[in-house]
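With CSV, C-alpha atoms inside, this is entry25.csv:
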chain,number,residue,atom,x,y,z
A,1383,MET,CA,-165.1,-91.9,-99.4
A,1384,ILE,CA,-164.7,-91.2,-95.7
A,1385,ARG,CA,-165.2,-94.5,-93.9
A,1386,VAL,CA,-166.9,-94.1,-90.5
A,1387,LEU,CA,-167.5,-96.4,-87.6
A,1388,ILE,CA,-170.3,-95.4,-85.2
A,1389,VAL,CA,-170.1,-96.5,-81.6
A,1390,ASP,CA,-172.8,-95.9,-79.0
A,1391,ASP,CA,-174.7,-98.2,-76.6
A,1392,MET,CA,-178.0,-96.6,-77.4
A,1393,GLU,CA,-179.6,-97.6,-80.7
A,1394,THR,CA,-181.4,-94.2,-80.9
A,1395,PHE,CA,-178.1,-92.3,-81.2
A,1396,ARG,CA,-176.5,-94.9,-83.5
A,1397,GLU,CA,-179.4,-94.5,-85.9
A,1398,ARG,CA,-179.3,-90.7,-85.7
A,1399,PHE,CA,-175.6,-90.6,-86.5
A,1400,ARG,CA,-176.1,-93.1,-89.3
A,1401,GLU,CA,-178.9,-91.1,-90.8
A,1402,VAL,CA,-177.0,-87.9,-90.7
A,1403,LEU,CA,-173.7,-89.3,-92.0
A,1404,SER,CA,-175.4,-91.4,-94.7
A,1405,SER,CA,-177.0,-88.2,-96.1
A,1406,ASP,CA,-173.6,-87.1,-97.4
A,1407,PRO,CA,-172.4,-89.0,-100.5
A,1408,ALA,CA,-168.7,-88.5,-99.4
A,1409,ILE,CA,-169.2,-90.5,-96.3
A,1410,GLU,CA,-169.8,-94.3,-95.9
A,1411,VAL,CA,-170.8,-95.8,-92.6
A,1412,VAL,CA,-168.8,-99.1,-92.5
A,1413,GLY,CA,-170.2,-100.4,-89.2
A,1414,THR,CA,-171.8,-99.8,-85.8
A,1415,ALA,CA,-170.9,-101.0,-82.3
A,1416,SER,CA,-172.7,-100.9,-79.0
A,1417,SER,CA,-169.8,-101.4,-76.6
A,1418,GLY,CA,-166.1,-100.4,-76.3
A,1419,GLU,CA,-165.0,-104.0,-76.8
A,1420,GLU,CA,-167.1,-104.4,-80.0
A,1421,ALA,CA,-165.7,-101.1,-81.2
A,1422,VAL,CA,-162.1,-102.3,-80.9
A,1423,ALA,CA,-162.9,-105.5,-82.7
A,1424,ILE,CA,-164.7,-103.8,-85.6
A,1425,ALA,CA,-162.1,-101.1,-85.9
A,1426,PHE,CA,-159.3,-103.6,-86.2
A,1427,LYS,CA,-161.3,-105.5,-88.9
A,1428,GLN,CA,-162.7,-102.5,-90.9
A,1429,ARG,CA,-159.9,-100.0,-90.4
A,1430,PRO,CA,-162.3,-97.0,-90.6
A,1431,ASP,CA,-161.0,-93.4,-91.3
A,1432,VAL,CA,-163.0,-91.9,-88.5
A,1433,ILE,CA,-164.8,-93.3,-85.4
A,1434,LEU,CA,-167.6,-91.6,-83.5
A,1435,MET,CA,-167.0,-93.0,-80.1
A,1436,ASP,CA,-169.4,-92.8,-77.2
A,1437,VAL,CA,-167.7,-92.1,-73.8
A,1438,ILE,CA,-169.9,-94.0,-71.4
A,1439,MET,CA,-171.1,-97.5,-72.5
A,1440,GLU,CA,-170.6,-100.8,-70.6
A,1441,ASN,CA,-168.8,-98.7,-67.9
A,1442,ASP,CA,-167.9,-95.0,-67.4
A,1443,ARG,CA,-164.6,-95.2,-69.2
A,1444,ALA,CA,-165.5,-97.8,-71.9
A,1445,GLY,CA,-165.1,-95.2,-74.7
A,1446,ILE,CA,-161.8,-93.8,-73.3
A,1447,THR,CA,-160.4,-97.4,-72.9
A,1448,ALA,CA,-161.5,-98.4,-76.5
A,1449,ALA,CA,-160.1,-95.2,-77.9
A,1450,THR,CA,-156.7,-95.8,-76.2
A,1451,GLN,CA,-156.4,-99.3,-77.6
A,1452,ILE,CA,-157.4,-98.1,-81.1
A,1453,CYS,CA,-155.1,-95.1,-81.1
A,1454,SER,CA,-152.2,-97.2,-79.9
A,1455,ALA,CA,-152.6,-99.8,-82.8
A,1456,LEU,CA,-154.2,-97.8,-85.6
A,1457,SER,CA,-152.5,-94.4,-85.7
A,1458,SER,CA,-154.3,-93.3,-88.9
A,1459,VAL,CA,-157.8,-93.6,-87.4
A,1460,LYS,CA,-159.3,-90.3,-86.2
A,1461,ILE,CA,-161.5,-90.6,-83.1
A,1462,ILE,CA,-164.3,-88.1,-82.3
A,1463,MET,CA,-165.7,-88.7,-78.8
A,1464,SER,CA,-169.5,-88.2,-78.3
A,1465,THR,CA,-171.1,-87.3,-75.1
A,1466,VAL,CA,-174.4,-86.1,-73.6
A,1467,LEU,CA,-172.9,-83.8,-71.1
A,1468,GLU,CA,-170.1,-81.2,-71.2
A,1469,ASP,CA,-167.9,-83.1,-68.8
A,1470,ASP,CA,-164.7,-81.1,-68.8
A,1471,GLU,CA,-162.4,-83.8,-67.3
A,1472,THR,CA,-163.7,-86.7,-69.4
A,1473,VAL,CA,-163.3,-84.8,-72.6
A,1474,PHE,CA,-159.9,-83.5,-71.6
A,1475,ASN,CA,-158.8,-87.2,-70.9
A,1476,ALA,CA,-160.1,-88.1,-74.3
A,1477,PHE,CA,-157.8,-85.6,-76.0
A,1478,GLN,CA,-154.9,-86.8,-73.9
A,1479,ILE,CA,-155.2,-90.3,-75.3
A,1480,GLY,CA,-155.4,-89.2,-78.9
A,1481,ALA,CA,-159.0,-88.2,-79.8
A,1482,VAL,CA,-159.1,-85.3,-82.2
A,1483,ASP,CA,-162.5,-83.8,-81.4
A,1484,TYR,CA,-165.7,-84.3,-79.5
A,1485,LEU,CA,-169.4,-83.8,-80.2
A,1486,LEU,CA,-172.4,-83.4,-78.0
A,1487,LYS,CA,-175.0,-86.0,-79.0
A,1488,ASN,CA,-177.6,-83.3,-79.8
A,1489,ALA,CA,-175.2,-81.5,-82.2
A,1490,HIS,CA,-176.8,-80.2,-85.4
A,1491,PRO,CA,-176.3,-82.4,-88.4
A,1492,GLU,CA,-174.0,-79.8,-90.0
A,1493,GLU,CA,-171.8,-79.9,-86.9
A,1494,ILE,CA,-171.6,-83.7,-87.1
A,1495,LEU,CA,-170.7,-83.7,-90.8
A,1496,SER,CA,-168.2,-80.9,-90.4
A,1497,ALA,CA,-166.5,-82.7,-87.5
A,1498,VAL,CA,-166.1,-85.9,-89.4
A,1499,LYS,CA,-164.7,-84.2,-92.5
A,1500,LEU,CA,-162.3,-82.0,-90.6
A,1501,ALA,CA,-161.1,-85.0,-88.6
A,1502,TYR,CA,-160.5,-87.0,-91.8
A,1503,ILE,CA,-158.2,-84.3,-93.1
A,1504,ASP,CA,-156.6,-83.8,-89.7
A,1505,GLN,CA,-157.9,-80.3,-89.4
A,1506,SER,CA,-160.2,-80.6,-86.4
A,1507,THR,CA,-160.5,-77.2,-84.7
A,1508,PRO,CA,-161.2,-76.4,-81.1
A,1509,SER,CA,-164.9,-76.4,-80.2
A,1510,PRO,CA,-166.7,-73.0,-79.7
A,1511,LEU,CA,-166.9,-74.1,-76.0
A,1512,ILE,CA,-163.3,-73.1,-75.7
A,1513,ALA,CA,-164.4,-69.5,-76.0
A,1514,LYS,CA,-166.8,-70.1,-73.2
A,1515,LYS,CA,-164.1,-71.7,-71.1
A,1516,LEU,CA,-161.7,-68.8,-71.9
A,1517,ARG,CA,-164.3,-66.2,-70.8
A,1518,LYS,CA,-164.8,-68.1,-67.5
A,1519,GLU,CA,-161.0,-68.1,-66.9
A,1520,PHE,CA,-160.6,-64.5,-67.8
A,1521,VAL,CA,-163.1,-63.4,-65.2
A,1522,ASN,CA,-160.8,-64.6,-62.5
A,1523,LEU,CA,-157.6,-63.7,-64.3
A,1524,ARG,CA,-155.4,-61.0,-62.8
A,1525,GLY,CA,-152.5,-61.4,-65.2
A,1526,ASN,CA,-150.9,-59.6,-68.0
A,1527,GLN,CA,-153.1,-58.4,-70.9
A,1528,GLU,CA,-150.4,-59.3,-73.3
A,1529,SER,CA,-150.6,-62.9,-72.1
A,1530,ILE,CA,-154.3,-62.9,-72.8
A,1531,LYS,CA,-153.8,-61.6,-76.3
A,1532,LEU,CA,-151.1,-64.2,-76.9
A,1533,ILE,CA,-153.4,-67.1,-75.8
A,1534,LEU,CA,-156.3,-65.8,-77.8
A,1535,HIS,CA,-154.2,-65.7,-80.9
A,1536,ILE,CA,-152.8,-69.1,-80.3
A,1537,VAL,CA,-156.2,-70.7,-79.7
A,1538,ARG,CA,-157.6,-68.9,-82.7
A,1539,VAL,CA,-155.0,-70.0,-85.3
A,1540,LEU,CA,-154.0,-73.5,-84.2
A,1541,THR,CA,-156.0,-76.7,-84.6
A,1542,GLN,CA,-156.7,-78.9,-81.6
A,1543,VAL,CA,-153.9,-81.3,-82.6
A,1544,GLU,CA,-151.5,-78.4,-82.9
A,1545,LEU,CA,-152.5,-77.1,-79.5
A,1546,ASP,CA,-151.9,-80.5,-77.9
A,1547,ILE,CA,-148.5,-80.8,-79.6
A,1548,LEU,CA,-147.5,-77.2,-78.5
A,1549,LEU,CA,-148.3,-78.1,-74.9
A,1550,LEU,CA,-146.3,-81.3,-75.1
A,1551,LEU,CA,-143.4,-79.2,-76.4
A,1552,CYS,CA,-143.9,-76.8,-73.4
A,1553,ASP,CA,-143.7,-79.9,-71.2
A,1554,GLY,CA,-140.2,-80.6,-72.6
A,1555,ARG,CA,-141.3,-83.6,-74.7
A,1556,SER,CA,-139.1,-84.5,-77.7
A,1557,ARG,CA,-140.5,-85.1,-81.1
A,1558,ASN,CA,-140.1,-88.8,-80.7
A,1559,GLU,CA,-141.9,-88.7,-77.4
A,1560,ILE,CA,-144.8,-86.7,-78.9
A,1561,SER,CA,-145.0,-89.3,-81.8
A,1562,HIS,CA,-145.4,-92.1,-79.2
A,1563,ILE,CA,-147.9,-90.1,-77.0
A,1564,ARG,CA,-150.1,-89.0,-79.9
A,1565,CYS,CA,-149.8,-92.3,-81.8
A,1566,ILE,CA,-148.7,-90.6,-85.0
A,1567,GLU,CA,-145.7,-90.9,-87.2
A,1568,LEU,CA,-142.6,-88.8,-86.5
A,1569,SER,CA,-142.9,-87.1,-89.9
A,1570,THR,CA,-146.4,-86.1,-89.0
A,1571,VAL,CA,-145.2,-84.5,-85.7
A,1572,LYS,CA,-142.6,-82.6,-87.7
A,1573,THR,CA,-145.3,-81.4,-90.1
A,1574,HIS,CA,-147.5,-80.2,-87.3
A,1575,ILE,CA,-144.6,-78.4,-85.6
A,1576,GLY,CA,-143.8,-76.7,-88.9
A,1577,ASN,CA,-147.4,-75.6,-89.2
A,1578,ILE,CA,-147.4,-74.2,-85.7
A,1579,LEU,CA,-144.2,-72.2,-86.4
A,1580,LYS,CA,-145.6,-70.9,-89.6
A,1581,LYS,CA,-149.0,-69.8,-88.1
A,1582,LEU,CA,-147.3,-68.2,-85.1
A,1583,GLU,CA,-144.5,-66.7,-87.2
A,1584,MET,CA,-141.7,-68.2,-85.2
A,1585,LYS,CA,-138.4,-69.7,-86.4
A,1586,THR,CA,-138.0,-72.5,-83.8
A,1587,SER,CA,-140.3,-74.4,-81.4
A,1588,SER,CA,-138.0,-73.3,-78.6
A,1589,ASP,CA,-138.8,-69.6,-79.4
A,1590,ILE,CA,-142.6,-70.0,-78.8
A,1591,VAL,CA,-142.0,-72.2,-75.7
A,1592,LYS,CA,-139.7,-69.6,-74.3
A,1593,ILE,CA,-142.2,-66.8,-74.9
A,1594,LEU,CA,-145.0,-68.8,-73.2
A,1595,LYS,CA,-142.8,-69.6,-70.2
A,1596,ASN,CA,-141.6,-66.0,-69.9
A,1597,SER,CA,-145.1,-64.6,-70.0
A,1598,GLN,CA,-146.3,-67.3,-67.6
A,1599,SER,CA,-149.0,-68.2,-70.2
A,1600,ILE,CA,-148.6,-72.0,-70.3
A,1601,ASP,CA,-151.1,-72.7,-67.5
A,1602,LEU,CA,-153.6,-70.4,-69.1
A,1603,LEU,CA,-153.2,-72.1,-72.4
A,1604,ARG,CA,-153.6,-75.5,-70.8
A,1605,GLN,CA,-156.8,-74.3,-69.0
A,1606,SER,CA,-158.2,-72.7,-72.2
A,1607,ILE,CA,-158.3,-76.0,-74.1
A,1608,ARG,CA,-159.7,-78.1,-71.2
A,1609,PHE,CA,-163.4,-78.0,-72.1
Take the structure from the file and write it as structure tokens.
Amino acid sequence: MIRVLIVDDMETFRERFREVLSSDPAIEVVGTASSGEEAVAIAFKQRPDVILMDVIMENDRAGITAATQICSALSSVKIIMSTVLEDDETVFNAFQIGAVDYLLKNAHPEEILSAVKLAYIDQSTPSPLIAKKLRKEFVNLRGNQESIKLILHIVRVLTQVELDILLLLCDGRSRNEISHIRCIELSTVKTHIGNILKKLEMKTSSDIVKILKNSQSIDLLRQSIRF
């Protein structure tokens, strides 16, 4: 069973998420919360596998603050941020503090169930909105076509977590630093890096970082996953 905590300050959305998730026999809703503070308290008590976390509740950053506290203390919990609007900066901040995915609150039931199940197995994939963001960036891009092909390939084959770790490697972060930033075990970081290398057919992480730097593709990659 995938144990899920639902956090939203509006009862309508809490009940909608509960109804959708409860329809799947593989998912158990272990609690609901209406504020960031309540979410932290319940998360520490119930230790859910996945949390659907509203961004704006008692204040504009309540969900982000709660997610930060939970990620820091409970590294095994996967957090999916939920929001009404496609706020690029807020969602990007959510990923920075450890969220693995995000959903619009009007997402179809299949999307909600899929997001929870993929988060549970640590296989959350970038939202289709990334493609929209990429198209927007490409309109203004005057760079190398090979860079475009490289970024498209990377975004297509890597999960969101793997993309985040790749960018941290590009920033010069060590595996230990990535473990601390992402609130995950060092062994998990090594596993993700191994998956990145396998998918991109590279021998070492320094190889892919060098290619991205030489092709001046790091900024484009960073922009492509800010949705």
Practice task
Would you work out the distance separating atom CA of Tyr1484 of chain A from atom CA of Ser1464 of chain A, expressed in Å to one decimal?
Solution key: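 So the two atoms, atom CA of Tyr1484 of chain A and atom CA of Ser1464 of chain A, lie 5.6 Å apart.
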Handout entry: Given all atoms listed in the file as the counted atoms, nearest of A:Glu1559, A:Asp1553, A:Glu1583, A:Glu1410 to Val1539 of chain A
Key =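 Result for the nearest residue to Val1539 of chain A: A:Glu1583.
Comparing the minimum interatomic distances between Asp1431 of chain A and each of A:Ala1476, A:Ala1448, A:Leu1486, A:Ile1384, counting only C-alpha atoms, we find that A:Ile1384 sits nearest.
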Exercise for the section: Find the residues near segment 1388-1401 of chain A: any atom within 9 Å, counting all atoms listed in the file, skip ones fewer than 5 places away on the same chain, and give them as a VMD selection string. Expected result: chain A and resid 1411 to 1418 1420 to 1421 1432 to 1440 1445 1464 1487 1491 1494
Exercise for the section: One decimal, Å: what's the distance from atom CA of Ala1423 of chain A over to atom CA of Val1482 of chain A, could you say? Expected result: 20.6 Å
Handout entry: Counting only C-alpha atoms, the option among A:Leu1603, A:Ile1547, A:Leu1387, A:Ile1593 closest to Gln1478 of chain A
Key =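 So, comparing all the options, the nearest one is A:Ile1547.
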Practice task
Find, counting all atoms listed in the file, the residue in A:Gln1542, A:Gln1598, A:Asn1488, A:Gln1428 that gets nearest to Val1459 of chain A.
Solution key: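 Using all atoms listed in the file, Val1459 of chain A sits closest to A:Gln1428.
Of the residues listed (A:Thr1447, A:Thr1541, A:Asn1596, A:Ser1404), A:Thr1541 shows the shortest atom-to-atom separation from Asn1577 of chain A; distances use all atoms listed in the file.
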